[in-house]
Amino acid sequence: MKKFLRFVASAAVLCAVSQASAVIDLDYYKSIDGLKGVALKNAVHELVTNSQVSMLNYGSGKNSTWYGFYETDYEMDGSKRMVVDRYSNDKRYFGSRGSSVSGMNIEHSVANSWWGGTKNNAYKDLFELMPCEAKINSTKSNYAMGVVLTDDRGNGCTKVGKDSQKQWVWEPADKWKGDFARDYFYIFTAYQNLNWLTSNYESCGYTVSKGSALTLKEWAYNLYLEWARNDRVSEIETVRNDKVEELQHNRNPFVDFPNLMEYIWGDSTDIKFNLKTTVKSARTIGGGSLPGPDPDDPDNPVSTWTVLVSDPLTG
């Protein structure tokens, strides 16, 4: 297994993290412990779409999408609550909670046209939705997420153009690449059973391997793995994970466990996922005593904790 994500935190660091971070109960994840590959992916799917999950209504107003964004996607700019827009460098500000923000749309990071726009949980899921400046939302259309090499029509933050296969794609800014990669791993696991319209939408068929247990095509998951490895989990991601959980009662496991992706698509598909020893975001892990050594895993002689949280403004 790759070693670039493995760190052992000192007691002092663990103490500092425990004072600054919310507690994640390992019991929430017990159903995925000891699994690998496709079985692990299926267990994650069941976990994040269980009967306890309840999405906000789509749109504006109380208990709707903009009501959620008010808590999940803001930074303080002095005394004002500024919208975190991962698609543009524009500055816009929230008004009252639940009100939409002028010049912005609710954007599906994976185009909802790919499953026909059905108003299901995927359509309303806050892990799939983010506030987005209206013009770039229109420009990125329902394209695949990839690497833009030519014909960039973007806005200086998000690129929109053609990749090496002359396919129209959109590309997030470097500081958001890992965020979107972990978002995609969540979406294509949580909603792996959707009727992906690969024959109707070129970009969908370009990205999605319909009928495959991995859901994503090889070029896509390899690219997103690279992005997630290079752009570490940031504080803004871990905070958003907590806020979304408060609103819809599930989490993005690919944020909590930055190398979970490796056990499904990456370099560790033949290794069992181990809750006690796997890399964790810089959060306090609750649900009992701190994890200890795993005598059955010589590659993990002690608990492996990460200090992966990077600057929220740089990703």
# chains A, B, ... in the order shown; residues from 1 in each chain; ligands from 1

$ residues_around --residues "region 37-43 of chain A" --least-positions-apart "2" --cutoff "9 Å" --atoms "only C-alpha atoms" --output "PyMOL selection string"
chain A and resi 31-35+45-48+189-190+192+213-214+262-265+268-273

$ select_by_dssp --residues "region 24-241 of chain A" --states "alpha helix (DSSP H)" --output "PyMOL selection string"
chain A and resi 37-48+65-72+121-124+134-140+177-190+202-207+218-230+235-241

$ residues_around --residues "Pro131 (chain A)" --least-positions-apart "5" --cutoff "8 Å" --atoms "only C-alpha atoms" --output "ChimeraX atom specification"
/A:69,73,83-86,104-107

$ residues_around --residues "region 207-212 of chain A" --least-positions-apart "3" --cutoff "7 Å" --atoms "only C-alpha atoms" --output "ChimeraX atom specification"
/A:144,196,198,203-204,215-217,220

$ write_last_selection --atoms "N, CA, C and O atoms" --output "compact mmCIF listing (two decimals), in the first residue's frame"
# COMPACT_ATOMS: atom_id res chain seq x y z
N ALA A 144 -18.48 15.94 -18.67
CA ALA A 144 -17.71 15.12 -17.74
C ALA A 144 -16.69 15.99 -17.01
O ALA A 144 -16.34 17.09 -17.46
N TRP A 196 -28.11 5.15 -15.12
CA TRP A 196 -27.22 6.09 -15.80
C TRP A 196 -27.45 6.01 -17.32
O TRP A 196 -27.34 4.94 -17.91
N THR A 198 -26.15 6.29 -20.26
CA THR A 198 -24.88 6.37 -20.97
C THR A 198 -25.06 6.46 -22.48
O THR A 198 -24.19 6.96 -23.19
N SER A 203 -21.35 12.62 -22.46
CA SER A 203 -20.43 12.79 -21.34
C SER A 203 -20.67 11.77 -20.25
O SER A 203 -19.74 11.35 -19.56
N CYS A 204 -21.91 11.35 -20.07
CA CYS A 204 -22.21 10.30 -19.09
C CYS A 204 -21.53 9.00 -19.50
O CYS A 204 -20.86 8.36 -18.70
N THR A 215 -18.53 1.32 -11.41
CA THR A 215 -19.35 2.46 -11.88
C THR A 215 -18.58 3.40 -12.78
O THR A 215 -19.05 3.75 -13.87
N LEU A 216 -17.42 3.85 -12.34
CA LEU A 216 -16.60 4.76 -13.13
C LEU A 216 -15.71 4.01 -14.12
O LEU A 216 -15.25 2.90 -13.83
N LYS A 217 -15.44 4.64 -15.25
CA LYS A 217 -14.48 4.08 -16.20
C LYS A 217 -13.07 4.26 -15.66
O LYS A 217 -12.80 5.13 -14.83
N ALA A 220 -11.38 7.65 -15.60
CA ALA A 220 -11.98 8.58 -14.66
C ALA A 220 -11.51 8.30 -13.23
O ALA A 220 -11.03 9.20 -12.53

$ select_by_dssp --residues "region 61-152 of chain A" --states "strand (DSSP E or B)" --output "list of chain:residue names"
A:Ser64, A:Tyr74, A:Glu75, A:Met76, A:Asp77, A:Lys80, A:Arg81, A:Met82, A:Val83, A:Tyr93, A:Met104, A:Asn105, A:Ile106, A:Glu107, A:His108, A:Leu129, A:Met130, A:Pro131, A:Cys132, A:Glu133, A:Ala144, A:Met145, A:Thr150

$ atom_distance --atom1 "CA of Asn222 (chain A)" --atom2 "CA of Gly116 (chain A)"
26.2 Å

$ closest_residue --among "A:Ala111, A:Ala228, A:Met55, A:Met76" --to "Phe254 (chain A)" --atoms "only C-alpha atoms"
A:Ala228

$ closest_residue --among "A:Gln165, A:Ile24, A:Thr118, A:Lys177" --to "Ser281 (chain A)" --atoms "only C-alpha atoms"
A:Ile24

$ atom_distance --atom1 "CA of Lys135 (chain A)" --atom2 "CA of Ser109 (chain A)"
14.9 Å

$ atom_distance --atom1 "CA of Trp115 (chain A)" --atom2 "CA of Thr65 (chain A)"
19.8 Å

$ residues_around --residues "Gly103 (chain A)" --least-positions-apart "6" --cutoff "10 Å" --atoms "only C-alpha atoms" --output "MDAnalysis selection string"
chainID A and resid 92 132:135

$ closest_residue --among "A:Val169, A:Leu56, A:Met82, A:Val244" --to "Lys124 (chain A)" --atoms "only C-alpha atoms"
A:Leu56

$ closest_residue --among "A:Val148, A:Leu225, A:Met130, A:Ile187" --to "Trp168 (chain A)" --atoms "only C-alpha atoms"
A:Val148

$ closest_residue --among "A:Glu75, A:Asp125, A:Asp25, A:Asp90" --to "Gln248 (chain A)" --atoms "only C-alpha atoms"
A:Asp125

$ closest_residue --among "A:Asn274, A:Trp114, A:Thr49, A:Gly68" --to "Asn200 (chain A)" --atoms "only C-alpha atoms"
A:Trp114

$ residues_around --residues "Thr158 (chain A)" --least-positions-apart "2" --cutoff "10 Å" --atoms "only C-alpha atoms" --output "list in words"
Arg86, Tyr87, Ser88, Asn89, Ile136, Asn137, Thr139, Lys140, Val148, Asp152, Arg153, Gly154, Asn155, Gly156, Val160, Trp170, Glu171, Pro172, Ala173, Asp174 and Trp176 of chain A
